[in-house]
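Colleague: Here you go, input_0.pdb (PDB, C-alpha atoms):
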ATOM      1  CA  MET A  10     -15.279  24.198   9.056
ATOM      2  CA  ARG A  11     -12.608  23.513   6.444
ATOM      3  CA  THR A  12     -10.253  20.566   6.901
ATOM      4  CA  LEU A  13      -6.571  20.334   6.004
ATOM      5  CA  PHE A  14      -7.741  18.500   2.866
ATOM      6  CA  GLN A  15      -9.999  21.202   1.385
ATOM      7  CA  ALA A  16     -12.618  20.446  -1.231
ATOM      8  CA  VAL A  17     -10.779  19.796  -4.502
ATOM      9  CA  SER A  18     -11.829  21.416  -7.748
ATOM     10  CA  ARG A  19     -13.088  19.173 -10.511
ATOM     11  CA  GLN A  20     -10.133  20.087 -12.698
ATOM     12  CA  ALA A  21      -7.616  19.238  -9.965
ATOM     13  CA  ALA A  22      -9.351  15.938  -9.351
ATOM     14  CA  ARG A  23      -9.225  15.111 -13.051
ATOM     15  CA  LEU A  24      -5.505  15.908 -13.183
ATOM     16  CA  GLY A  25      -4.752  13.830 -10.088
ATOM     17  CA  VAL A  26      -6.626  10.796 -11.348
ATOM     18  CA  ALA A  27      -5.209  11.064 -14.846
ATOM     19  CA  ALA A  28      -1.690  11.063 -13.410
ATOM     20  CA  TRP A  29      -2.372   7.764 -11.691
ATOM     21  CA  VAL A  30      -3.849   6.219 -14.808
ATOM     22  CA  VAL A  31      -0.524   6.994 -16.505
ATOM     23  CA  ALA A  32       1.405   5.585 -13.523
ATOM     24  CA  ALA A  33      -0.654   2.400 -13.528
ATOM     25  CA  VAL A  34      -0.076   1.919 -17.261
ATOM     26  CA  LEU A  35       3.671   2.438 -16.857
ATOM     27  CA  ALA A  36       3.845   0.048 -13.884
ATOM     28  CA  GLY A  37       1.973  -2.623 -15.803
ATOM     29  CA  SER A  38       3.762  -2.184 -19.109
ATOM     30  CA  ALA A  39       6.629  -4.570 -18.322
ATOM     31  CA  ALA A  40       6.377  -8.171 -19.475
ATOM     32  CA  ARG A  41       5.221 -10.758 -16.969
ATOM     33  CA  ALA A  42       7.848 -12.929 -15.244
ATOM     34  CA  ASP A  43       6.818 -16.311 -13.830
ATOM     35  CA  PHE A  44       8.638 -17.608 -10.751
ATOM     36  CA  VAL A  45       8.744 -20.833  -8.748
ATOM     37  CA  PHE A  46       7.424 -20.593  -5.179
ATOM     38  CA  ASN A  47       6.749 -23.104  -2.415
ATOM     39  CA  PRO A  48       4.223 -21.618   0.050
ATOM     40  CA  THR A  49       5.116 -24.088   2.803
ATOM     41  CA  GLY A  50       8.901 -23.688   2.542
ATOM     42  CA  GLY A  51       9.663 -27.182   1.256
ATOM     43  CA  GLY A  52      11.899 -26.148  -1.630
ATOM     44  CA  ALA A  53      11.420 -27.530  -5.138
ATOM     45  CA  PRO A  54       9.171 -30.522  -4.228
ATOM     46  CA  GLY A  55       5.608 -29.231  -4.330
ATOM     47  CA  ALA A  56       6.609 -25.778  -5.603
ATOM     48  CA  LEU A  57       4.238 -23.826  -7.846
ATOM     49  CA  THR A  58       4.857 -21.647 -10.898
ATOM     50  CA  LEU A  59       3.307 -18.268 -10.094
ATOM     51  CA  THR A  60       2.817 -14.831 -11.600
ATOM     52  CA  GLY A  61       2.284 -13.081  -8.259
ATOM     53  CA  PHE A  62       0.294 -12.715  -5.051
ATOM     54  CA  ASP A  63      -3.109 -11.223  -4.249
ATOM     55  CA  PRO A  64      -3.145  -9.797  -0.707
ATOM     56  CA  LEU A  65      -6.442  -9.362   1.097
ATOM     57  CA  PRO A  66      -7.581  -5.799   1.863
ATOM     58  CA  GLY A  67      -5.343  -4.507   4.630
ATOM     59  CA  ASN A  68      -4.291  -1.384   6.482
ATOM     60  CA  ALA A  69      -1.868   1.472   5.929
ATOM     61  CA  VAL A  70      -1.145   4.460   8.144
ATOM     62  CA  ALA A  71       0.454   7.678   6.947
ATOM     63  CA  GLN A  72       2.211   8.484  10.209
ATOM     64  CA  GLY A  73       2.554  12.242  10.651
ATOM     65  CA  ALA A  74       0.916  13.023   7.297
ATOM     66  CA  VAL A  75      -1.614  15.555   8.645
ATOM     67  CA  THR A  76       1.170  17.643  10.165
ATOM     68  CA  ALA A  77       3.302  17.286   7.031
ATOM     69  CA  ILE A  78       0.461  18.433   4.777
ATOM     70  CA  ALA A  79      -0.243  21.450   6.997
ATOM     71  CA  ASN A  80       3.440  22.387   6.914
ATOM     72  CA  ALA A  81       3.620  21.988   3.131
ATOM     73  CA  GLN A  82       0.585  24.219   2.715
ATOM     74  CA  ALA A  83       2.474  26.894   4.611
ATOM     75  CA  ASN A  84       5.951  26.457   3.127
ATOM     76  CA  GLY A  85       5.261  25.172  -0.399
ATOM     77  CA  GLY A  86       6.485  21.611   0.188
ATOM     78  CA  GLY A  87       9.852  19.928  -0.172
ATOM     79  CA  ASP A  88      12.077  17.239   1.344
ATOM     80  CA  THR A  89      12.514  18.778   4.789
ATOM     81  CA  ALA A  90      11.856  17.208   8.184
ATOM     82  CA  GLY A  91       8.615  19.098   8.770
ATOM     83  CA  ASN A  92       7.120  17.902   5.470
ATOM     84  CA  GLN A  93       8.032  14.213   5.916
ATOM     85  CA  PHE A  94       5.895  11.291   7.105
ATOM     86  CA  LEU A  95       6.145   7.489   7.295
ATOM     87  CA  LEU A  96       3.827   5.288   5.242
ATOM     88  CA  ASN A  97       3.310   1.905   6.956
ATOM     89  CA  TYR A  98       1.494  -1.035   5.307
ATOM     90  CA  GLN A  99       0.386  -4.516   6.349
ATOM     91  CA  ALA A 100      -1.834  -7.202   4.803
ATOM     92  CA  ALA A 101      -2.183 -10.968   4.527
ATOM     93  CA  VAL A 102      -2.012 -12.724   1.161
ATOM     94  CA  GLY A 103      -5.455 -13.986   0.179
ATOM     95  CA  SER A 104      -4.434 -16.081  -2.809
ATOM     96  CA  LEU A 105      -1.554 -16.975  -5.068
ATOM     97  CA  LEU A 106      -1.670 -16.015  -8.735
ATOM     98  CA  PRO A 107      -2.866 -17.502 -10.968
ATOM     99  CA  ALA A 108      -5.816 -18.540  -8.807
ATOM    100  CA  SER A 109      -5.693 -22.058 -10.259
ATOM    101  CA  GLN A 110      -2.469 -22.541  -8.272
ATOM    102  CA  ASN A 111      -4.004 -21.428  -4.970
ATOM    103  CA  PRO A 112      -3.344 -24.067  -2.263
ATOM    104  CA  ALA A 113      -6.098 -25.099   0.146
ATOM    105  CA  GLY A 114      -3.884 -24.575   3.195
ATOM    106  CA  LEU A 115      -3.363 -20.817   2.711
ATOM    107  CA  ASN A 116      -5.043 -18.907   5.577
ATOM    108  CA  HIS A 117      -6.169 -22.226   7.063
ATOM    109  CA  ASP A 118      -2.955 -24.052   7.958
ATOM    110  CA  TYR A 119      -0.538 -21.150   7.431
ATOM    111  CA  GLN A 120      -0.392 -17.481   6.448
ATOM    112  CA  ILE A 121       1.689 -15.313   4.109
ATOM    113  CA  THR A 122       1.909 -11.598   4.952
ATOM    114  CA  PHE A 123       3.463  -8.350   3.747
ATOM    115  CA  THR A 124       4.635  -5.408   5.854
ATOM    116  CA  GLY A 125       6.362  -2.254   4.687
ATOM    117  CA  VAL A 126       7.425   1.244   5.635
ATOM    118  CA  VAL A 127       8.824   4.106   3.541
ATOM    119  CA  ARG A 128       9.536   7.760   4.251
ATOM    120  CA  GLU A 129       7.796  10.260   1.980
ATOM    121  CA  TYR A 130       7.458  14.022   1.919
ATOM    122  CA  VAL A 131       4.712  16.359   0.745
ATOM    123  CA  SER A 132       5.939  18.065  -2.400
ATOM    124  CA  SER A 133       2.823  20.174  -3.020
ATOM    125  CA  VAL A 134      -0.773  20.753  -1.927
ATOM    126  CA  ALA A 135      -3.407  22.102  -4.316
ATOM    127  CA  GLY A 136      -7.013  22.335  -3.192
ATOM    128  CA  GLY A 137      -7.851  18.953  -1.700
ATOM    129  CA  THR A 138      -4.990  17.054  -3.358
ATOM    130  CA  ALA A 139      -1.624  16.485  -1.693
ATOM    131  CA  VAL A 140       1.264  15.160  -3.825
ATOM    132  CA  PHE A 141       4.035  13.040  -2.289
ATOM    133  CA  SER A 142       7.579  12.045  -3.247
ATOM    134  CA  LEU A 143      10.088   9.608  -1.793
ATOM    135  CA  SER A 144      12.428  11.241   0.717
ATOM    136  CA  ALA A 145      16.192  11.026   0.253
ATOM    137  CA  ASP A 146      16.306   9.752   3.853
ATOM    138  CA  GLN A 147      15.165   6.107   3.728
ATOM    139  CA  THR A 148      16.764   4.993   7.004
ATOM    140  CA  GLY A 149      14.757   2.036   8.289
ATOM    141  CA  SER A 150      12.537   1.782   5.213
ATOM    142  CA  VAL A 151      11.839  -1.784   4.076
ATOM    143  CA  LEU A 152       9.322  -4.129   2.450
ATOM    144  CA  ASN A 153       9.167  -7.593   4.054
ATOM    145  CA  MET A 154       7.282 -10.814   3.372
ATOM    146  CA  TYR A 155       6.587 -13.521   5.993
ATOM    147  CA  GLN A 156       5.265 -17.083   6.152
ATOM    148  CA  GLY A 157       4.023 -18.603   9.389
ATOM    149  CA  ALA A 158       1.789 -21.228  10.955
ATOM    150  CA  PRO A 159      -0.734 -21.238  12.498
ATOM    151  CA  VAL A 160      -2.743 -18.286  11.167
ATOM    152  CA  THR A 161      -2.300 -15.446  13.668
ATOM    153  CA  TYR A 162      -2.932 -12.169  11.817
ATOM    154  CA  ASN A 163      -5.831 -10.032  13.045
ATOM    155  CA  ASP A 164      -6.877  -7.009  10.988
ATOM    156  CA  LEU A 165      -8.747  -5.218  13.781
ATOM    157  CA  ASN A 166      -6.034  -5.653  16.412
ATOM    158  CA  GLY A 167      -3.363  -5.139  13.744
ATOM    159  CA  THR A 168      -1.264  -7.996  15.087
ATOM    160  CA  GLY A 169       0.341 -11.182  13.748
ATOM    161  CA  PHE A 170       1.609  -9.773  10.432
ATOM    162  CA  THR A 171       5.296 -10.379  11.237
ATOM    163  CA  ALA A 172       4.765 -13.886  12.635
ATOM    164  CA  GLY A 173       6.781 -16.819  11.323
ATOM    165  CA  THR A 174       9.741 -16.722   8.943
ATOM    166  CA  GLN A 175      10.813 -13.659   6.972
ATOM    167  CA  ILE A 176      11.073 -14.935   3.397
ATOM    168  CA  LEU A 177      11.757 -11.768   1.373
ATOM    169  CA  SER A 178      13.125  -8.299   2.039
ATOM    170  CA  ALA A 179      13.484  -5.226  -0.179
ATOM    171  CA  THR A 180      14.536  -1.597   0.220
ATOM    172  CA  PRO A 181      13.252   1.505  -1.619
ATOM    173  CA  VAL A 182      15.108   2.907  -4.615
ATOM    174  CA  LEU A 183      15.282   6.670  -5.075
ATOM    175  CA  ASN A 184      14.357   7.729  -8.603
ATOM    176  CA  GLY A 185      13.554  11.401  -8.115
ATOM    177  CA  SER A 186       9.985  11.122  -9.376
ATOM    178  CA  THR A 187       6.631  11.868  -7.802
ATOM    179  CA  VAL A 188       5.421   8.734  -6.035
ATOM    180  CA  GLY A 189       1.938   9.469  -4.708
ATOM    181  CA  ASN A 190      -1.062  11.652  -4.036
ATOM    182  CA  PHE A 191      -4.182  11.760  -1.899
ATOM    183  CA  THR A 192      -7.415  13.599  -2.688
ATOM    184  CA  ASN A 193      -9.952  14.464  -0.010
ATOM    185  CA  THR A 194     -13.605  14.759  -1.061
ATOM    186  CA  GLY A 195     -15.243  15.393   2.314
ATOM    187  CA  VAL A 196     -15.697  14.209   5.896
ATOM    188  CA  THR A 197     -17.997  11.525   7.317
ATOM    189  CA  THR A 198     -18.806  10.064  10.729
ATOM    190  CA  GLY A 199     -17.895   6.395  10.870
ATOM    191  CA  LEU A 200     -14.335   5.377  10.043
ATOM    192  CA  ASP A 201     -15.337   1.695  10.294
ATOM    193  CA  GLN A 202     -18.083   0.804   7.796
ATOM    194  CA  HIS A 203     -17.068  -2.852   7.484
ATOM    195  CA  GLY A 204     -19.229  -5.321   9.412
ATOM    196  CA  ASN A 205     -19.567  -4.297  13.049
ATOM    197  CA  ASN A 206     -18.567  -0.719  13.828
ATOM    198  CA  ASP A 207     -15.593  -1.255  16.150
ATOM    199  CA  TRP A 208     -14.538   2.403  16.102
ATOM    200  CA  GLY A 209     -17.768   4.082  17.202
ATOM    201  CA  ALA A 210     -18.302   7.658  16.024
ATOM    202  CA  THR A 211     -14.722   8.241  14.891
ATOM    203  CA  GLN A 212     -14.900  10.633  11.964
ATOM    204  CA  THR A 213     -12.721  10.417   8.881
ATOM    205  CA  VAL A 214     -11.962  12.247   5.698
ATOM    206  CA  ILE A 215     -13.345  10.606   2.559
ATOM    207  CA  GLY A 216     -10.722  10.177  -0.106
ATOM    208  CA  PHE A 217      -8.411   8.220  -2.364
ATOM    209  CA  GLY A 218      -4.821   8.340  -3.616
ATOM    210  CA  GLY A 219      -1.873   6.398  -5.011
ATOM    211  CA  SER A 220       1.893   5.851  -4.939
ATOM    212  CA  VAL A 221       4.499   4.177  -7.163
ATOM    213  CA  ILE A 222       7.693   3.245  -5.332
ATOM    214  CA  ASN A 223      10.592   1.105  -6.582
ATOM    215  CA  PHE A 224      12.169  -1.406  -4.193
ATOM    216  CA  HIS A 225      15.452  -3.316  -4.545
ATOM    217  CA  VAL A 226      15.143  -6.960  -3.472
ATOM    218  CA  THR A 227      17.925  -7.623  -0.970
ATOM    219  CA  SER A 228      17.128 -11.184   0.124
ATOM    220  CA  GLY A 229      14.826 -14.123  -0.594
ATOM    221  CA  ASP A 230      14.537 -17.477   1.192
ATOM    222  CA  SER A 231      15.278 -20.233  -1.336
ATOM    223  CA  ASN A 232      13.082 -22.670   0.602
ATOM    224  CA  TYR A 233      10.145 -20.531  -0.521
ATOM    225  CA  PHE A 234      11.416 -18.682  -3.588
ATOM    226  CA  VAL A 235      12.858 -21.661  -5.422
ATOM    227  CA  THR A 236      13.596 -19.182  -8.204
ATOM    228  CA  PRO A 237      14.897 -16.515  -5.808
ATOM    229  CA  PRO A 238      15.957 -12.900  -6.319
ATOM    230  CA  PRO A 239      17.705 -11.783  -8.430
ATOM    231  CA  ASN A 240      16.398 -14.557 -10.683
ATOM    232  CA  LEU A 241      12.902 -13.616  -9.502
ATOM    233  CA  LEU A 242      13.697 -10.225 -11.026
ATOM    234  CA  SER A 243      11.064  -7.865  -9.559
ATOM    235  CA  LEU A 244       7.520  -7.503  -8.324
ATOM    236  CA  THR A 245       4.889  -4.975  -9.293
ATOM    237  CA  PHE A 246       2.936  -4.161  -6.124
ATOM    238  CA  SER A 247      -0.310  -2.441  -7.145
ATOM    239  CA  THR A 248      -2.551  -1.197  -4.335
ATOM    240  CA  THR A 249      -5.881   0.605  -4.119
ATOM    241  CA  GLN A 250      -6.551   2.580  -0.958
ATOM    242  CA  ASN A 251      -9.418   4.723   0.269
ATOM    243  CA  LEU A 252     -11.501   6.071   3.145
ATOM    244  CA  PRO A 253     -13.728   5.226   4.943
ATOM    245  CA  PHE A 254     -13.077   1.501   5.573
ATOM    246  CA  THR A 255     -15.627  -0.692   3.775
ATOM    247  CA  THR A 256     -13.932  -4.055   3.114
ATOM    248  CA  VAL A 257     -11.637  -4.596   6.135
ATOM    249  CA  ASP A 258     -11.556  -3.517   9.790
ATOM    250  CA  PRO A 259      -9.446  -0.451  10.609
ATOM    251  CA  ALA A 260      -6.399  -1.648  12.579
ATOM    252  CA  ARG A 261      -5.861  -0.551  16.159
ATOM    253  CA  ALA A 262      -2.109  -1.005  15.625
ATOM    254  CA  LEU A 263       0.302  -1.768  12.812
ATOM    255  CA  PHE A 264       3.309  -4.090  12.621
ATOM    256  CA  THR A 265       5.444  -1.546  14.461
ATOM    257  CA  GLY A 266       3.562  -2.650  17.591
ATOM    258  CA  THR A 267       2.471   0.884  18.431
ATOM    259  CA  GLY A 268      -1.107   2.058  18.655
ATOM    260  CA  THR A 269      -2.514   3.795  15.593
ATOM    261  CA  ASN A 270      -3.189   7.466  16.374
ATOM    262  CA  VAL A 271      -6.088   8.593  14.207
ATOM    263  CA  GLY A 272      -6.920  11.627  16.305
ATOM    264  CA  ALA A 273     -10.439  12.835  17.049
ATOM    265  CA  VAL A 274     -11.069  12.980  13.309
ATOM    266  CA  ASN A 275      -9.020  10.665  11.082
ATOM    267  CA  GLY A 276      -7.066  12.752   8.584
ATOM    268  CA  VAL A 277      -8.154  16.104  10.003
ATOM    269  CA  SER A 278      -6.857  16.490  13.563
ATOM    270  CA  GLY A 279      -4.354  13.677  13.102
ATOM    271  CA  PRO A 280      -1.459  13.613  13.185
ATOM    272  CA  ASP A 281      -1.890  10.276  11.361
ATOM    273  CA  ILE A 282      -4.188   9.035   8.588
ATOM    274  CA  LEU A 283      -5.343   5.413   8.775
ATOM    275  CA  LEU A 284      -6.231   4.047   5.326
ATOM    276  CA  GLN A 285      -7.788   0.937   3.799
ATOM    277  CA  ALA A 286      -5.364  -0.734   1.375
ATOM    278  CA  ASP A 287      -5.964  -3.476  -1.205
ATOM    279  CA  ALA A 288      -2.955  -4.775  -3.140
ATOM    280  CA  ASN A 289      -2.060  -6.958  -6.123
ATOM    281  CA  VAL A 290       1.495  -8.254  -6.602
ATOM    282  CA  SER A 291       2.923  -9.553  -9.886
ATOM    283  CA  ALA A 292       6.440 -10.404 -11.041
ATOM    284  CA  VAL A 293       8.038  -8.399 -13.866
ATOM    285  CA  PRO A 294      11.448  -8.856 -15.545
ATOM    286  CA  GLU A 295      13.385  -5.950 -14.081
ATOM    287  CA  PRO A 296      16.480  -7.189 -12.176
ATOM    288  CA  SER A 297      16.358  -7.101  -8.391
ATOM    289  CA  SER A 298      13.666  -4.507  -7.783
ATOM    290  CA  VAL A 299      10.160  -4.354  -6.476
ATOM    291  CA  CYS A 300       7.700  -1.775  -7.755
ATOM    292  CA  LEU A 301       5.112  -0.790  -5.152
ATOM    293  CA  THR A 302       2.019   0.923  -6.473
ATOM    294  CA  ALA A 303       0.317   1.913  -3.237
ATOM    295  CA  LEU A 304      -2.923   3.750  -2.640
ATOM    296  CA  GLY A 305      -4.202   3.857  -6.215
ATOM    297  CA  LEU A 306      -8.006   4.026  -5.736
ATOM    298  CA  GLY A 307     -11.326   2.781  -6.931
ATOM    299  CA  GLY A 308     -11.946   6.218  -8.403
ATOM    300  CA  LEU A 309      -8.814   5.841 -10.509
ATOM    301  CA  LEU A 310      -9.941   2.456 -11.771
ATOM    302  CA  LEU A 311     -13.373   3.815 -12.647
ATOM    303  CA  TYR A 312     -11.726   6.679 -14.545
ATOM    304  CA  ALA A 313      -9.540   4.239 -16.471
ATOM    305  CA  ARG A 314     -12.551   2.113 -17.452
ATOM    306  CA  ARG A 315     -14.416   5.193 -18.673
ATOM    307  CA  LYS A 316     -11.447   6.333 -20.723
ATOM    308  CA  ARG A 317     -11.111   2.880 -22.315
ATOM    309  CA  ALA A 318     -14.815   2.934 -23.137
ATOM    310  CA  GLN A 319     -14.459   6.332 -24.772
ATOM    311  CA  LEU A 320     -11.440   5.245 -26.801
ATOM    312  CA  GLY A 321     -13.179   2.034 -27.821
TER     313      GLY A 321
END
Would you write the structure of this file as structure tokens?

Modeller:
Amino acid sequence: MRTLFQAVSRQAARLGVAAWVVAAVLAGSAARADFVFNPTGGGAPGALTLTGFDPLPGNAVAQGAVTAIANAQANGGGDTAGNQFLLNYQAAVGSLLPASQNPAGLNHDYQITFTGVVREYVSSVAGGTAVFSLSADQTGSVLNMYQGAPVTYNDLNGTGFTAGTQILSATPVLNGSTVGNFTNTGVTTGLDQHGNNDWGATQTVIGFGGSVINFHVTSGDSNYFVTPPPNLLSLTFSTTQNLPFTTVDPARALFTGTGTNVGAVNGVSGPDILLQADANVSAVPEPSSVCLTALGLGGLLLYARRKRAQLG
């Protein structure tokens, strides 16, 4: 039985991955910008000079994506209501960058977390690869950062990611470009392949994808960001995402507080697709924006390494 993400041809897969290698290079081409940050909110005393943040593997859900992909297959794609979906993300910061600046209290005495939501639409579907763009309607879309104590986040339950003080907020910037894709390579039984299987026999598509989304920083708490936006300039938010889950528990809910609907088969019967996400955040000197590279996968990274080896 064929799924909504049909088996992709080798050529289509090569094109999809190559596009994300280019996107990753462009996102990382800007010069690094250091910034001053106090993880406990004490202002300048005890603040650290950082290059970014390294979130732990977390969760994302493409809410309504299965329906949107099916509609785009039928109508050719485009920024219409039937082709749109919400991409939600949440994760806790595992370390500050550089690692030499990582404080002992992080994830012991306090936590730092990211949550985000953007509206995307399916612009095209070819074989097993769906291509996404940022919708013109970004009502309610936001990227937030929190600091709180004690540590309350729980990946499996999907709770605690908005606990504490909101210390940064940003909104998406429309640039008219393609922002993401997802390639399905099959179906497997066992959404949860990390530690104990908490999801039983829930099936899932196997796949990978990526997005590049610009965000405008609208606020930053000076108790934490001692060098705050716009002096912080921007962040490059680079994320790998794939299925099934192998390095973090699939979340039963996301920061919206609603249960995660993965359907009888995650990514096939939907309407939502729950995805494993692993991010890396670094500051770059582009005034008052945040660049979010979401869902760029291990397959992409492997492709990039092979290409570098060939060129070398």

Colleague: Could you tell me which residues the PyMOL selection byres ((chain A and resi 276) around 9) returns for this structure, as a VMD selection string?

Modeller: chain A and resid 12 to 14 74 to 75 212 to 215 271 to 272 274 to 275 277 to 283

Colleague: Do you know which residues are at most 12 Å from Thr171 in chain A counting all atoms listed in the file, after dropping those on the same chain fewer than 4 positions away, and could you put them as an mmCIF file with C-alpha atoms, in the frame of the given file?

Modeller:
data_model
loop_
_atom_site.group_PDB
_atom_site.id
_atom_site.type_symbol
_atom_site.label_atom_id
_atom_site.label_comp_id
_atom_site.auth_asym_id
_atom_site.auth_seq_id
_atom_site.Cartn_x
_atom_site.Cartn_y
_atom_site.Cartn_z
ATOM 1 C CA TYR A 98 1.494 -1.035 5.307
ATOM 2 C CA GLN A 99 0.386 -4.516 6.349
ATOM 3 C CA ALA A 100 -1.834 -7.202 4.803
ATOM 4 C CA ALA A 101 -2.183 -10.968 4.527
ATOM 5 C CA GLN A 120 -0.392 -17.481 6.448
ATOM 6 C CA ILE A 121 1.689 -15.313 4.109
ATOM 7 C CA THR A 122 1.909 -11.598 4.952
ATOM 8 C CA PHE A 123 3.463 -8.350 3.747
ATOM 9 C CA THR A 124 4.635 -5.408 5.854
ATOM 10 C CA GLY A 125 6.362 -2.254 4.687
ATOM 11 C CA LEU A 152 9.322 -4.129 2.450
ATOM 12 C CA ASN A 153 9.167 -7.593 4.054
ATOM 13 C CA MET A 154 7.282 -10.814 3.372
ATOM 14 C CA TYR A 155 6.587 -13.521 5.993
ATOM 15 C CA GLN A 156 5.265 -17.083 6.152
ATOM 16 C CA GLY A 157 4.023 -18.603 9.389
ATOM 17 C CA ALA A 158 1.789 -21.228 10.955
ATOM 18 C CA VAL A 160 -2.743 -18.286 11.167
ATOM 19 C CA THR A 161 -2.300 -15.446 13.668
ATOM 20 C CA TYR A 162 -2.932 -12.169 11.817
ATOM 21 C CA ASN A 163 -5.831 -10.032 13.045
ATOM 22 C CA GLY A 167 -3.363 -5.139 13.744
ATOM 23 C CA GLN A 175 10.813 -13.659 6.972
ATOM 24 C CA ILE A 176 11.073 -14.935 3.397
ATOM 25 C CA LEU A 177 11.757 -11.768 1.373
ATOM 26 C CA LEU A 263 0.302 -1.768 12.812
ATOM 27 C CA PHE A 264 3.309 -4.090 12.621
ATOM 28 C CA THR A 265 5.444 -1.546 14.461
ATOM 29 C CA GLY A 266 3.562 -2.650 17.591
#

Colleague: Smallest atom-to-atom distance to Ser104 in chain A: which of A:Gly195, A:Gly216, A:Gly268, A:Pro66, using only C-alpha atoms?

Modeller: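 Going through A:Gly195, A:Gly216, A:Gly268, A:Pro66 one by one, the smallest distance to Ser104 in chain A is for A:Pro66.
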
Colleague: For a quick check of your reading of the model, name the residues lying within 12 Å of the coordinate (-16.7, 2.3, 10.8), counting only C-alpha atoms, and write them as a PyMOL selection string.

Modeller: chain A and resi 165+197-213+252-260+275+283-285

Colleague: Please determine, counting only C-alpha atoms, which residue among A:Ser228, A:Thr236, A:Asn270, A:Ile78 has the shortest atom-to-atom distance to Val140 in chain A.

Modeller: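 Once distances to Val140 in chain A are computed over only C-alpha atoms, the minimum belongs to A:Ile78.
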
Colleague: In Å, with one decimal, what is the gap from CA of Gly55 in chain A to CA of Ala292 in chain A?

Modeller: 20.0 Å

Colleague: Just so the selection is clear, what residues does the PyMOL selection byres ((chain A and resi 106) around 6) cover here, as a PyMOL selection string?

Modeller: chain A and resi 59-62+105+107-108

Colleague: Could you please determine the separation between CA of Arg128 in chain A and CA of Thr148 in chain A in Å, to one decimal place?

Modeller: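 Separation of CA of Arg128 in chain A and CA of Thr148 in chain A: 8.2 Å.
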
Colleague: When you count only C-alpha atoms, which of these residues is closest to Asn190 in chain A: A:Asp43, A:Asp118, A:Asp88, A:Glu129?

Modeller: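 Closest residue, counting only C-alpha atoms: A:Glu129.
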
Colleague: Restricting the calculation to all atoms listed in the file, which member of A:Phe191, A:Phe234, A:Phe46, A:Tyr119 is positioned closest to Gly103 in chain A?

Modeller: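 Residue with the minimum atom-to-atom distance to Gly103 in chain A: A:Tyr119.
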
Colleague: On this structure, the PyMOL selection byres ((chain A and resi 235) around 10) would catch which residues? List them as a list in words, sorted by chain and number.

Modeller: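 That expression, the PyMOL selection byres ((chain A and resi 235) around 10), corresponds here to Phe44, Val45, Phe46, Asn47, Gly50, Gly51, Gly52, Ala53, Pro54, Ala56, Leu57, Thr58, Gly229, Asp230, Ser231, Asn232, Tyr233, Phe234, Thr236, Pro237, Pro238, Asn240 and Leu241 of chain A.
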
Colleague: Work out how far apart CA of Ser150 in chain A and CA of Pro181 in chain A are and give it in Å to one decimal.

Modeller: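 Separation of CA of Ser150 in chain A and CA of Pro181 in chain A: 6.9 Å.
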
Colleague: So which one's closest to Gly136 in chain A, A:Asn193, A:Gly91, A:Val226, A:Asn289? Using all atoms listed in the file, please.

Modeller: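 Using all atoms listed in the file, the shortest distance to Gly136 in chain A belongs to A:Asn193.
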
Colleague: Looking at all atoms listed in the file, which of A:Gly114, A:Gly149, A:Gly67, A:Gly86 is the one that sits closest to Pro48 in chain A?

Modeller: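 For Pro48 in chain A, the nearest of the candidates is A:Gly114.
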
Colleague: Pull out range 132-143 of chain A, keep C-alpha atoms, and write it as a PDB file, in the first residue's frame.

Modeller:
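Dumped to selection.pdb:
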ATOM      1  CA  SER A 132       4.551  24.324  -2.583  1.00  0.00           C
ATOM      2  CA  SER A 133       5.141  21.057  -4.458  1.00  0.00           C
ATOM      3  CA  VAL A 134       5.271  17.273  -4.092  1.00  0.00           C
ATOM      4  CA  ALA A 135       7.472  15.113  -6.317  1.00  0.00           C
ATOM      5  CA  GLY A 136       7.747  11.400  -5.642  1.00  0.00           C
ATOM      6  CA  GLY A 137       8.483  11.074  -1.938  1.00  0.00           C
ATOM      7  CA  THR A 138       9.705  14.653  -1.448  1.00  0.00           C
ATOM      8  CA  ALA A 139       7.446  17.491  -0.321  1.00  0.00           C
ATOM      9  CA  VAL A 140       8.760  21.076  -0.570  1.00  0.00           C
ATOM     10  CA  PHE A 141       7.565  23.784   1.834  1.00  0.00           C
ATOM     11  CA  SER A 142       7.547  27.586   1.892  1.00  0.00           C
ATOM     12  CA  LEU A 143       6.663  30.150   4.537  1.00  0.00           C
TER      13      LEU A 143
END
